[in-house]
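Student: Next comes the structure file input_26.tsv, holding TSV, C-alpha atoms (C1' of nucleotides).
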chain	number	residue	atom	x	y	z
S	836	MET	CA	199.30	-137.64	-92.81
S	837	SER	CA	201.86	-138.69	-95.43
S	838	GLU	CA	200.77	-142.22	-96.36
S	839	ASN	CA	197.35	-141.43	-94.94
S	840	ALA	CA	196.66	-138.74	-97.52
S	841	ARG	CA	197.13	-141.17	-100.39
S	842	GLU	CA	194.86	-143.64	-98.64
S	843	ALA	CA	192.22	-141.02	-97.90
S	844	ILE	CA	192.26	-139.88	-101.53
S	845	LEU	CA	191.75	-143.45	-102.71
S	846	GLU	CA	188.84	-143.98	-100.33
S	847	ALA	CA	187.13	-140.75	-101.30
S	848	ALA	CA	187.62	-141.47	-105.00
S	849	LYS	CA	186.21	-144.96	-104.61
S	850	GLY	CA	183.10	-143.62	-102.92
S	851	ALA	CA	182.58	-141.06	-105.66
S	852	ALA	CA	183.16	-143.61	-108.41
S	853	GLN	CA	180.66	-146.03	-106.90
S	854	ILE	CA	177.98	-143.38	-106.93
S	855	HIS	CA	178.82	-141.29	-110.01
S	856	GLY	CA	181.25	-143.36	-112.04
S	857	TYR	CA	184.66	-142.32	-113.26
S	858	SER	CA	183.51	-138.94	-114.53
S	859	GLY	CA	182.07	-138.30	-111.07
S	860	ILE	CA	185.54	-138.27	-109.50
S	861	ASN	CA	185.98	-134.58	-108.73
S	862	PHE	CA	189.39	-133.41	-107.59
S	863	ARG	CA	188.17	-130.39	-105.67
S	864	THR	CA	185.48	-132.38	-103.83
S	865	ILE	CA	187.96	-135.13	-102.96
S	866	ALA	CA	190.51	-132.59	-101.79
S	867	ASP	CA	187.91	-131.03	-99.50
S	868	ALA	CA	187.04	-134.42	-98.02
S	869	VAL	CA	190.70	-135.22	-97.42
S	870	GLY	CA	191.52	-131.76	-96.11
S	871	ILE	CA	194.04	-130.68	-98.74
S	872	LYS	CA	193.93	-128.58	-101.90
S	873	ASN	CA	193.09	-130.13	-105.24
S	874	ALA	CA	196.54	-129.46	-106.65
S	875	SER	CA	198.02	-131.61	-103.86
S	876	ILE	CA	196.36	-134.73	-105.26
S	877	TYR	CA	198.87	-134.58	-108.11
S	878	TYR	CA	201.65	-135.25	-105.66
S	879	HIS	CA	200.10	-138.68	-104.96
S	880	PHE	CA	198.60	-139.49	-108.35
S	881	SER	CA	199.94	-138.30	-111.67
S	882	SER	CA	196.49	-137.78	-113.21
S	883	LYS	CA	192.81	-138.57	-112.87
S	884	ALA	CA	193.42	-141.63	-115.05
S	885	ASP	CA	196.11	-142.81	-112.63
S	886	LEU	CA	193.81	-142.32	-109.63
S	887	GLY	CA	190.92	-144.02	-111.41
S	888	ALA	CA	193.08	-147.00	-112.33
S	889	ALA	CA	194.31	-147.33	-108.73
S	890	VAL	CA	190.72	-147.29	-107.47
S	891	ALA	CA	189.58	-149.89	-110.00
S	892	ARG	CA	192.60	-152.10	-109.39
S	893	ARG	CA	192.08	-152.18	-105.65
S	894	TYR	CA	188.42	-152.86	-106.25
S	895	TRP	CA	188.91	-156.02	-108.27
S	896	GLU	CA	191.68	-157.16	-105.94
S	897	ASP	CA	189.28	-156.88	-103.01
S	898	THR	CA	186.60	-158.71	-104.98
S	899	SER	CA	189.08	-161.44	-105.80
S	900	SER	CA	189.73	-161.93	-102.09
S	901	VAL	CA	186.02	-162.12	-101.36
S	902	LEU	CA	185.56	-164.73	-104.07
S	903	GLU	CA	188.36	-166.84	-102.63
S	904	ALA	CA	186.85	-166.55	-99.18
S	905	ILE	CA	183.49	-167.72	-100.49
S	906	ARG	CA	185.09	-170.77	-102.01
S	907	GLY	CA	187.02	-171.49	-98.85
S	908	ALA	CA	183.87	-171.30	-96.75
S	909	ASN	CA	181.70	-173.30	-99.15
S	910	PRO	CA	183.04	-176.69	-100.26
S	911	GLU	CA	179.82	-177.26	-102.21
S	912	PRO	CA	180.03	-175.41	-105.55
S	913	ILE	CA	176.25	-174.98	-105.57
S	914	SER	CA	176.56	-173.07	-102.30
S	915	CYS	CA	179.09	-170.76	-103.94
S	916	LEU	CA	176.57	-169.99	-106.67
S	917	GLN	CA	173.99	-169.33	-103.99
S	918	VAL	CA	176.23	-166.76	-102.34
S	919	TYR	CA	177.75	-165.14	-105.44
S	920	PRO	CA	175.05	-162.52	-106.15
S	921	THR	CA	175.42	-161.10	-102.65
S	922	ILE	CA	178.62	-159.42	-103.80
S	923	PHE	CA	176.61	-157.28	-106.19
S	924	ARG	CA	173.76	-156.99	-103.74
S	925	SER	CA	175.92	-155.51	-101.02
S	926	SER	CA	177.12	-152.83	-103.44
S	927	LEU	CA	173.52	-151.73	-103.79
S	928	GLU	CA	173.13	-151.41	-100.04
S	929	GLY	CA	174.26	-148.30	-98.28
S	930	GLY	CA	173.47	-145.47	-100.64
S	931	ASN	CA	172.32	-147.42	-103.68
S	932	ARG	CA	175.88	-147.79	-104.88
S	933	LEU	CA	176.90	-149.60	-107.99
S	934	CYS	CA	179.59	-152.19	-108.28
S	935	LEU	CA	182.46	-150.01	-109.35
S	936	SER	CA	183.64	-151.84	-112.40
S	937	SER	CA	180.16	-152.60	-113.67
S	938	PHE	CA	179.47	-148.94	-113.44
S	939	MET	CA	182.58	-147.94	-115.28
S	940	ALA	CA	181.64	-150.43	-117.99
S	941	ALA	CA	178.95	-147.98	-119.02
S	942	GLU	CA	181.45	-145.16	-119.42
S	943	TYR	CA	183.86	-147.57	-120.98
S	944	GLN	CA	184.50	-145.82	-124.29
S	945	ASP	CA	185.56	-142.65	-122.50
S	946	LEU	CA	187.86	-144.29	-119.99
S	947	PRO	CA	191.64	-143.89	-120.20
S	948	GLU	CA	193.43	-147.05	-121.34
S	949	GLU	CA	194.88	-147.83	-117.93
S	950	VAL	CA	191.44	-147.68	-116.31
S	951	LYS	CA	189.93	-149.89	-119.03
S	952	ARG	CA	192.48	-152.58	-118.23
S	953	GLU	CA	191.39	-152.72	-114.59
S	954	VAL	CA	187.71	-152.78	-115.49
S	955	LEU	CA	188.25	-155.76	-117.77
S	956	ALA	CA	190.26	-157.47	-115.03
S	957	PHE	CA	187.25	-157.28	-112.75
S	958	ALA	CA	185.03	-159.04	-115.29
S	959	ASP	CA	187.74	-161.62	-115.96
S	960	ILE	CA	188.22	-162.71	-112.38
S	961	ASN	CA	184.47	-162.99	-111.89
S	962	VAL	CA	184.01	-165.15	-114.99
S	963	ALA	CA	187.03	-167.32	-114.19
S	964	TRP	CA	185.75	-167.91	-110.67
S	965	LEU	CA	182.25	-168.77	-111.87
S	966	ALA	CA	183.60	-171.11	-114.56
S	967	LYS	CA	185.66	-172.95	-111.97
S	968	VAL	CA	182.72	-173.29	-109.60
S	969	LEU	CA	180.42	-174.48	-112.40
S	970	SER	CA	183.02	-176.97	-113.53
S	971	ASP	CA	183.27	-178.31	-109.98
S	972	THR	CA	179.57	-179.11	-109.99
S	973	GLY	CA	180.39	-181.69	-112.62
S	974	LEU	CA	177.24	-180.75	-114.51
S	975	ALA	CA	179.02	-179.83	-117.72
S	976	GLY	CA	182.34	-179.64	-119.56
S	977	VAL	CA	184.84	-176.79	-119.31
S	978	GLU	CA	183.74	-175.17	-122.58
S	979	VAL	CA	180.09	-175.01	-121.58
S	980	CYS	CA	181.01	-173.75	-118.10
S	981	GLU	CA	182.96	-170.86	-119.60
S	982	ARG	CA	179.97	-169.81	-121.66
S	983	ARG	CA	177.56	-170.17	-118.80
S	984	ALA	CA	179.88	-168.25	-116.48
S	985	ARG	CA	179.87	-165.27	-118.84
S	986	ALA	CA	176.08	-165.44	-119.05
S	987	ILE	CA	175.64	-165.49	-115.27
S	988	TYR	CA	178.09	-162.67	-114.65
S	989	THR	CA	176.43	-160.55	-117.34
S	990	ALA	CA	172.90	-161.19	-116.09
S	991	VAL	CA	173.75	-160.44	-112.46
S	992	ALA	CA	175.62	-157.26	-113.39
S	993	GLY	CA	172.59	-156.22	-115.46
S	994	ALA	CA	170.31	-156.90	-112.49
S	995	GLN	CA	172.40	-154.60	-110.36
S	996	LEU	CA	172.20	-151.85	-112.96
S	997	ILE	CA	168.44	-152.10	-113.37
S	998	ALA	CA	167.70	-152.44	-109.65
S	999	ARG	CA	169.70	-149.30	-109.08
S	1000	THR	CA	167.57	-147.21	-111.39
S	1001	ARG	CA	164.51	-148.28	-109.40
S	1002	VAL	CA	166.27	-147.81	-106.04
S	1003	ASP	CA	164.88	-151.23	-105.15
S	1004	ILE	CA	166.99	-154.01	-103.67
S	1005	GLY	CA	163.93	-156.22	-103.73
S	1006	LEU	CA	163.99	-155.99	-107.51
S	1007	PHE	CA	167.57	-157.25	-107.54
S	1008	ASP	CA	166.56	-160.23	-105.41
S	1009	GLU	CA	163.59	-160.93	-107.65
S	1010	LEU	CA	165.70	-160.84	-110.79
S	1011	VAL	CA	168.31	-163.21	-109.36
S	1012	GLN	CA	165.50	-165.50	-108.22
S	1013	SER	CA	164.05	-165.43	-111.72
S	1014	TYR	CA	167.44	-166.40	-113.14
S	1015	ARG	CA	167.44	-169.39	-110.82
S	1016	GLU	CA	163.90	-170.41	-111.65
S	1017	ALA	CA	164.63	-170.13	-115.34
S	1018	GLY	CA	167.67	-172.35	-114.91
S	1019	LEU	CA	170.34	-169.80	-115.75
S	1020	ILE	CA	171.92	-170.14	-112.31
S	1021	PRO	CA	172.05	-173.79	-111.16
S	1022	THR	CA	170.48	-174.48	-107.77
C	692	MET	CA	166.87	-123.96	-141.14
C	693	SER	CA	164.26	-123.06	-138.52
C	694	GLU	CA	162.67	-126.42	-137.72
C	695	ASN	CA	165.74	-128.11	-139.14
C	696	ALA	CA	168.03	-126.71	-136.48
C	697	ARG	CA	165.98	-128.25	-133.70
C	698	GLU	CA	165.98	-131.54	-135.55
C	699	ALA	CA	169.71	-131.41	-136.24
C	700	ILE	CA	170.42	-130.67	-132.57
C	701	LEU	CA	168.32	-133.66	-131.51
C	702	GLU	CA	170.12	-135.96	-133.94
C	703	ALA	CA	173.57	-134.81	-132.89
C	704	ALA	CA	172.67	-135.10	-129.22
C	705	LYS	CA	171.30	-138.60	-129.74
C	706	GLY	CA	174.52	-139.70	-131.41
C	707	ALA	CA	176.61	-138.27	-128.60
C	708	ALA	CA	174.42	-139.83	-125.92
C	709	GLN	CA	174.60	-143.25	-127.54
C	710	ILE	CA	178.37	-143.15	-127.45
C	711	HIS	CA	179.15	-141.15	-124.32
C	712	GLY	CA	175.93	-141.07	-122.31
C	713	TYR	CA	174.13	-138.02	-121.02
C	714	SER	CA	177.26	-136.38	-119.68
C	715	GLY	CA	178.79	-136.77	-123.12
C	716	ILE	CA	176.31	-134.34	-124.65
C	717	ASN	CA	178.53	-131.33	-125.28
C	718	PHE	CA	176.85	-128.11	-126.35
C	719	ARG	CA	179.83	-126.70	-128.18
C	720	THR	CA	180.47	-129.91	-130.11
C	721	ILE	CA	176.79	-130.20	-131.03
C	722	ALA	CA	176.67	-126.57	-132.09
C	723	ASP	CA	179.67	-127.12	-134.35
C	724	ALA	CA	178.02	-130.15	-135.96
C	725	VAL	CA	174.80	-128.20	-136.55
C	726	GLY	CA	176.58	-125.08	-137.75
C	727	ILE	CA	175.44	-122.66	-135.04
C	728	LYS	CA	176.92	-121.30	-131.82
C	729	ASN	CA	176.43	-123.12	-128.54
C	730	ALA	CA	174.34	-120.31	-127.06
C	731	SER	CA	171.84	-120.78	-129.89
C	732	ILE	CA	170.89	-124.23	-128.62
C	733	TYR	CA	169.13	-122.51	-125.74
C	734	TYR	CA	166.68	-121.01	-128.18
C	735	HIS	CA	165.47	-124.54	-129.02
C	736	PHE	CA	165.98	-126.27	-125.66
C	737	SER	CA	165.77	-124.58	-122.30
C	738	SER	CA	168.61	-126.62	-120.80
C	739	LYS	CA	170.77	-129.70	-121.20
C	740	ALA	CA	168.20	-131.59	-119.11
C	741	ASP	CA	165.46	-130.52	-121.54
C	742	LEU	CA	167.50	-131.65	-124.53
C	743	GLY	CA	168.43	-134.92	-122.84
C	744	ALA	CA	164.80	-135.64	-121.99
C	745	ALA	CA	163.73	-134.93	-125.58
C	746	VAL	CA	166.39	-137.31	-126.89
C	747	ALA	CA	165.40	-140.07	-124.46
C	748	ARG	CA	161.70	-139.59	-125.11
C	749	ARG	CA	162.08	-139.88	-128.84
C	750	TYR	CA	164.27	-142.90	-128.32
C	751	TRP	CA	161.73	-144.93	-126.40
C	752	GLU	CA	158.95	-143.80	-128.73
C	753	ASP	CA	160.94	-145.12	-131.67
C	754	THR	CA	161.62	-148.36	-129.81
C	755	SER	CA	157.93	-148.70	-129.03
C	756	SER	CA	157.16	-148.48	-132.76
C	757	VAL	CA	159.75	-151.13	-133.55
C	758	LEU	CA	158.27	-153.44	-130.92
C	759	GLU	CA	154.80	-153.01	-132.39
C	760	ALA	CA	156.15	-153.72	-135.85
C	761	ILE	CA	157.78	-156.93	-134.62
C	762	ARG	CA	154.51	-158.08	-133.16
C	763	GLY	CA	152.67	-157.19	-136.33
C	764	ALA	CA	155.12	-159.14	-138.47
C	765	ASN	CA	155.29	-162.17	-136.16
C	766	PRO	CA	151.98	-163.75	-135.15
C	767	GLU	CA	153.91	-166.42	-133.24
C	768	PRO	CA	155.00	-165.03	-129.84
C	769	ILE	CA	158.04	-167.31	-129.87
C	770	SER	CA	159.16	-165.61	-133.07
C	771	CYS	CA	158.88	-162.25	-131.32
C	772	LEU	CA	161.21	-163.48	-128.60
C	773	GLN	CA	163.56	-164.69	-131.29
C	774	VAL	CA	163.71	-161.23	-132.84
C	775	TYR	CA	163.67	-159.12	-129.66
C	776	PRO	CA	167.42	-159.08	-128.90
C	777	THR	CA	168.17	-157.69	-132.35
C	778	ILE	CA	166.96	-154.30	-131.11
C	779	PHE	CA	169.85	-154.20	-128.68
C	780	ARG	CA	172.16	-155.86	-131.14
C	781	SER	CA	171.64	-153.22	-133.80
C	782	SER	CA	172.56	-150.52	-131.28
C	783	LEU	CA	175.95	-152.18	-130.94
C	784	GLU	CA	176.48	-152.10	-134.68
C	785	GLY	CA	177.82	-148.99	-136.32
C	786	GLY	CA	180.28	-147.54	-133.86
C	787	ASN	CA	179.75	-149.87	-130.91
C	788	ARG	CA	176.89	-147.74	-129.68
C	789	LEU	CA	174.86	-148.46	-126.63
C	790	CYS	CA	171.12	-148.52	-126.38
C	791	LEU	CA	170.54	-144.99	-125.21
C	792	SER	CA	168.37	-145.62	-122.20
C	793	SER	CA	170.37	-148.60	-121.01
C	794	PHE	CA	173.39	-146.40	-121.12
C	795	MET	CA	171.79	-143.60	-119.21
C	796	ALA	CA	170.74	-146.14	-116.61
C	797	ALA	CA	174.37	-146.24	-115.52
C	798	GLU	CA	174.46	-142.49	-115.00
C	799	TYR	CA	171.02	-142.65	-113.49
C	800	GLN	CA	171.72	-141.05	-110.13
C	801	ASP	CA	173.15	-137.97	-111.78
C	802	LEU	CA	170.38	-137.50	-114.32
C	803	PRO	CA	167.90	-134.62	-114.04
C	804	GLU	CA	164.43	-135.73	-112.97
C	805	GLU	CA	162.88	-135.18	-116.39
C	806	VAL	CA	165.49	-137.39	-118.06
C	807	LYS	CA	165.04	-140.11	-115.44
C	808	ARG	CA	161.35	-140.30	-116.30
C	809	GLU	CA	162.10	-141.05	-119.95
C	810	VAL	CA	164.73	-143.63	-119.10
C	811	LEU	CA	162.27	-145.50	-116.90
C	812	ALA	CA	159.67	-145.28	-119.67
C	813	PHE	CA	162.02	-147.14	-121.99
C	814	ALA	CA	162.39	-150.02	-119.54
C	815	ASP	CA	158.64	-150.06	-118.91
C	816	ILE	CA	157.59	-150.41	-122.52
C	817	ASN	CA	160.15	-153.17	-123.06
C	818	VAL	CA	158.97	-155.15	-120.04
C	819	ALA	CA	155.30	-154.63	-120.88
C	820	TRP	CA	155.86	-155.85	-124.43
C	821	LEU	CA	157.82	-158.90	-123.30
C	822	ALA	CA	155.20	-159.76	-120.67
C	823	LYS	CA	152.47	-159.61	-123.30
C	824	VAL	CA	154.41	-161.80	-125.70
C	825	LEU	CA	155.24	-164.32	-122.97
C	826	SER	CA	151.64	-164.39	-121.89
C	827	ASP	CA	150.58	-165.08	-125.48
C	828	THR	CA	152.72	-168.20	-125.54
C	829	GLY	CA	150.32	-169.64	-122.99
C	830	LEU	CA	153.25	-171.15	-121.10
C	831	ALA	CA	152.54	-169.35	-117.83
C	832	GLY	CA	150.24	-166.99	-115.95
C	833	VAL	CA	150.35	-163.21	-116.07
C	834	GLU	CA	152.21	-162.88	-112.78
C	835	VAL	CA	154.99	-165.22	-113.83
C	836	CYS	CA	155.24	-163.57	-117.25
C	837	GLU	CA	155.76	-160.18	-115.62
C	838	ARG	CA	158.66	-161.51	-113.57
C	839	ARG	CA	160.19	-163.35	-116.49
C	840	ALA	CA	159.84	-160.29	-118.70
C	841	ARG	CA	161.87	-158.20	-116.26
C	842	ALA	CA	164.52	-160.92	-116.09
C	843	ILE	CA	164.84	-161.13	-119.88
C	844	TYR	CA	164.99	-157.38	-120.37
C	845	THR	CA	167.62	-157.05	-117.65
C	846	ALA	CA	169.77	-159.90	-118.95
C	847	VAL	CA	169.70	-158.65	-122.55
C	848	ALA	CA	170.51	-155.08	-121.48
C	849	GLY	CA	173.40	-156.47	-119.44
C	850	ALA	CA	174.63	-158.43	-122.45
C	851	GLN	CA	174.72	-155.26	-124.48
C	852	LEU	CA	176.71	-153.47	-121.80
C	853	ILE	CA	179.28	-156.23	-121.44
C	854	ALA	CA	179.63	-156.88	-125.17
C	855	ARG	CA	180.32	-153.20	-125.62
C	856	THR	CA	183.28	-153.21	-123.29
C	857	ARG	CA	184.81	-156.00	-125.34
C	858	VAL	CA	183.90	-154.37	-128.64
C	859	ASP	CA	182.58	-157.76	-129.66
C	860	ILE	CA	179.15	-158.30	-131.20
C	861	GLY	CA	179.88	-162.03	-131.27
C	862	LEU	CA	179.94	-161.93	-127.48
C	863	PHE	CA	176.47	-160.40	-127.45
C	864	ASP	CA	175.19	-163.20	-129.68
C	865	GLU	CA	176.85	-165.81	-127.50
C	866	LEU	CA	175.33	-164.39	-124.33
C	867	VAL	CA	171.82	-164.30	-125.81
C	868	GLN	CA	172.31	-167.85	-127.05
C	869	SER	CA	173.38	-168.90	-123.54
C	870	TYR	CA	170.23	-167.33	-122.12
C	871	ARG	CA	168.20	-169.43	-124.55
C	872	GLU	CA	170.09	-172.64	-123.81
C	873	ALA	CA	169.70	-172.05	-120.08
C	874	GLY	CA	165.98	-171.58	-120.54
C	875	LEU	CA	165.76	-167.92	-119.59
C	876	ILE	CA	164.42	-166.96	-123.03
C	877	PRO	CA	161.83	-169.50	-124.29
C	878	THR	CA	162.53	-171.00	-127.72
W	781	DA	C1'	161.97	-115.61	-135.04
W	782	DC	C1'	166.56	-116.99	-134.70
W	783	DC	C1'	171.21	-116.29	-133.64
W	784	DT	C1'	175.57	-114.26	-131.45
W	785	DG	C1'	179.65	-112.52	-128.27
W	786	DA	C1'	180.94	-111.92	-123.88
W	787	DA	C1'	180.87	-113.23	-119.38
W	788	DC	C1'	180.04	-116.51	-115.24
W	789	DA	C1'	181.23	-120.51	-112.25
W	790	DC	C1'	183.06	-125.19	-112.51
W	791	DC	C1'	186.71	-128.76	-113.54
W	792	DG	C1'	191.33	-131.24	-114.79
W	793	DT	C1'	195.89	-129.86	-115.07
W	794	DT	C1'	200.37	-127.33	-114.69
W	795	DC	C1'	203.90	-124.88	-112.44
W	796	DA	C1'	206.53	-122.00	-109.81
W	797	DA	C1'	206.81	-121.27	-105.06
W	798	DG	C1'	206.38	-122.26	-100.23
W	799	DT	C1'	207.62	-125.24	-95.67
Q	1181	DA	C1'	208.63	-134.77	-98.68
Q	1182	DC	C1'	204.38	-132.62	-99.02
Q	1183	DC	C1'	201.49	-128.88	-99.97
Q	1184	DT	C1'	199.71	-124.35	-102.04
Q	1185	DG	C1'	197.96	-120.20	-105.11
Q	1186	DA	C1'	197.46	-118.73	-109.48
Q	1187	DA	C1'	196.70	-119.58	-114.00
Q	1188	DC	C1'	195.12	-122.40	-118.27
Q	1189	DA	C1'	191.57	-124.43	-121.36
Q	1190	DC	C1'	187.03	-126.60	-121.24
Q	1191	DC	C1'	181.94	-126.73	-120.25
Q	1192	DG	C1'	176.84	-125.44	-119.05
Q	1193	DT	C1'	174.44	-121.34	-118.66
Q	1194	DT	C1'	172.90	-116.42	-118.89
Q	1195	DC	C1'	172.01	-112.15	-121.03
Q	1196	DA	C1'	172.07	-108.16	-123.50
Q	1197	DA	C1'	172.43	-107.29	-128.23
Q	1198	DG	C1'	172.13	-108.14	-133.10
Q	1199	DT	C1'	169.28	-109.31	-137.72
Would you kindly transcribe this structure into structure tokens?

Tutor:
Amino acid sequence: MSENAREAILEAAKGAAQIHGYSGINFRTIADAVGIKNASIYYHFSSKADLGAAVARRYWEDTSSVLEAIRGANPEPISCLQVYPTIFRSSLEGGNRLCLSSFMAAEYQDLPEEVKREVLAFADINVAWLAKVLSDTGLAGVEVCERRARAIYTAVAGAQLIARTRVDIGLFDELVQSYREAGLIPT
Amino acid sequence: MSENAREAILEAAKGAAQIHGYSGINFRTIADAVGIKNASIYYHFSSKADLGAAVARRYWEDTSSVLEAIRGANPEPISCLQVYPTIFRSSLEGGNRLCLSSFMAAEYQDLPEEVKREVLAFADINVAWLAKVLSDTGLAGVEVCERRARAIYTAVAGAQLIARTRVDIGLFDELVQSYREAGLIPT
DNA sequence: ACCTGAACACCGTTCAAGT
DNA sequence: ACCTGAACACCGTTCAAGT
């Protein structure tokens, strides 16, 4: 149970954060789920900020791996753009969850500094990946790709947020499709 | 102070919600700002949910008025689309605030039912207005305008969220400009 | 009609104490 | 090394009591 407790705490905190955001991470609820007392969490994490930062860090690291895998499996950059929104889509599945870092972006002003850093890291790796993929299409220069990458990331994150309020994955798909039809996401 | 207290509570709650979201509405802090005790708020509002719903309702009502004014001042629908993002932009000004209902959308799952209703109403009046304006351009049919309206609203709301995390209004402007260049927002 | 103090359960955090 | 009970301040809410 030693290294397992830390792991179980992280998992429980991630689940709570995906549904309720950072402020929804409740030490007593997590302790119950793990089978320890809430004070025991402080043996593994020095504070709620520390736990929140660990959750967010692991989240963007996992996303980074997924992005690399997508690129490895899709030599065609256009195919990468086709697949990209599924990352946000899959967050919506299974309990209408929200992409962790997008969610925390809403609470941003109230987040501890160390959590903010990890949230920004998530956005950064997404934009960098998109810019690279766009650049590989050869459709535009690096400068333009950077700008477009930010626009795509922002629009898709917004789609996830809005679709969540309607509890409607179909709405997410429709919004992404509209982005494509409008020309925001190259096809 | 009778009717003024209710008004002062609403104003203070709106300010808190714009910065911290629904969960950031703190009865003791609001009471201090108004100059009463926190228990006194319950004389004017039956619960935090009631106060939150009143704040959100007034917010979308005000937005609805602004939208009507924009249409009244701009006979050209394209001009309306030019002005539209400034609603979200002005929320970012003065303390990096977030459009109230967009913000609450992030906390959506945890909101009381009566607050949820008002948050959805905000999105609805925005989409309806955009669909009407798009339809008036004569560029597409009603069906397509509905879809495009949802896409524009979602993308602009997302831009506000992301720009907020970077404390950078210039980023908001850049994102909106990218949407225009990509063809998402007609120009 | 409008406000208040005192009390409640809930939450992050600390700390001395247990094995 | 890992966990616990008890206590702290903070928050939404209630309620009997004040003017």

Student: Residues of chain Q near chain S: apply a cut-off of 12 Å, count only C-alpha atoms (C1' of nucleotides), and supply the list as a list in words.

Tutor: DA1181, DC1182, DC1183, DT1184, DG1185 and DA1186 of chain Q

Student: Distance CA of Gly785 in chain C-CA of Gly706 in chain C, one decimal place?

Tutor: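 Rounded to one decimal, the two atoms are 11.0 Å apart.
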
Student: Determine, using all atoms listed in the file, which residues of chain S have any atom at most 7 Å from an atom of chain C, and tabulate each with its shortest atom pair and distance in Å to one decimal place, rows ordered by chain and then rising number, as CSV.

Tutor:
residue,atom,partner,partner_atom,distance
S:His855,CA,C:Glu798,CA,6.7
S:Phe938,CA,C:Ala797,CA,6.1
S:Ala940,CA,C:Thr856,CA,6.2
S:Ala941,CA,C:Ala797,CA,6.0
S:Glu942,CA,C:His711,CA,6.7
S:Tyr943,CA,C:Thr856,CA,6.1
S:Asp945,CA,C:His711,CA,6.8
S:Arg982,CA,C:Ser869,CA,6.9
S:Arg983,CA,C:Ser869,CA,6.4
S:Ala986,CA,C:Leu866,CA,5.4
S:Thr989,CA,C:Gly849,CA,5.5
S:Ala990,CA,C:Ala846,CA,4.4
S:Ala992,CA,C:Gly849,CA,6.5
S:Gly993,CA,C:Gly849,CA,4.1
S:Ala994,CA,C:Thr845,CA,5.8
S:Leu996,CA,C:Ala797,CA,6.5
S:Ile997,CA,C:Thr845,CA,6.6
S:Thr1000,CA,C:Tyr799,CA,6.1
S:Leu1010,CA,C:Ala842,CA,5.4
S:Ser1013,CA,C:Ala842,CA,6.3
S:Tyr1014,CA,C:Leu875,CA,6.8
S:Ala1017,CA,C:Leu875,CA,4.9
S:Gly1018,CA,C:Ala873,CA,5.6
S:Leu1019,CA,C:Ala873,CA,4.9

Student: Can you tell me, as a list in words, what residues are no more than 12 Å from DA1187 in chain Q when counting all atoms listed in the file, ignoring any on the same chain fewer than 5 positions away?

Tutor: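 Skipping anything fewer than 5 positions along the chain leaves DT793, DT794, DC795 and DA796 of chain W.
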
Student: Rounded to one decimal place, report the CA of Glu702 in chain C-CA of Gly763 in chain C distance in Å.

Tutor: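 Going from CA of Glu702 in chain C over to CA of Gly763 in chain C covers 27.6 Å.
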
Student: At a cut-off of 12 Å, using all atoms listed in the file, what residues contact Asp971 in chain S? Leave out same-chain residues fewer than 5 positions from it and give the result as a PDB file with C-alpha atoms, keeping the file's coordinate frame.

Tutor:
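And here's part-v7.pdb as it stands now:
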ATOM      1  CA  ARG S 906     185.090-170.770-102.010  1.00  0.00           C
ATOM      2  CA  PRO S 910     183.040-176.690-100.260  1.00  0.00           C
ATOM      3  CA  GLU S 911     179.820-177.260-102.210  1.00  0.00           C
ATOM      4  CA  PRO S 912     180.030-175.410-105.550  1.00  0.00           C
ATOM      5  CA  ILE S 913     176.250-174.980-105.570  1.00  0.00           C
ATOM      6  CA  SER S 914     176.560-173.070-102.300  1.00  0.00           C
ATOM      7  CA  CYS S 915     179.090-170.760-103.940  1.00  0.00           C
ATOM      8  CA  LEU S 916     176.570-169.990-106.670  1.00  0.00           C
ATOM      9  CA  TRP S 964     185.750-167.910-110.670  1.00  0.00           C
ATOM     10  CA  LEU S 965     182.250-168.770-111.870  1.00  0.00           C
ATOM     11  CA  ALA S 966     183.600-171.110-114.560  1.00  0.00           C
ATOM     12  CA  GLY S 976     182.340-179.640-119.560  1.00  0.00           C
ATOM     13  CA  VAL S 977     184.840-176.790-119.310  1.00  0.00           C
ATOM     14  CA  CYS S 980     181.010-173.750-118.100  1.00  0.00           C
TER      15      CYS S 980
END

Student: What is the distance between CA of Val890 in chain S and CA of Leu845 in chain S, in Å to one decimal?

Tutor: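 Taking CA of Val890 in chain S as the start and CA of Leu845 in chain S as the end point, the length is 6.2 Å.
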
Student: Counting only C-alpha atoms (C1' of nucleotides), which residues come within 12 Å of (187.8, -155.3, -110.4), with the point read in the file's coordinates, and could you list them as a PyMOL selection string?

Tutor: chain S and resi 849+887-902+934-940+950-962
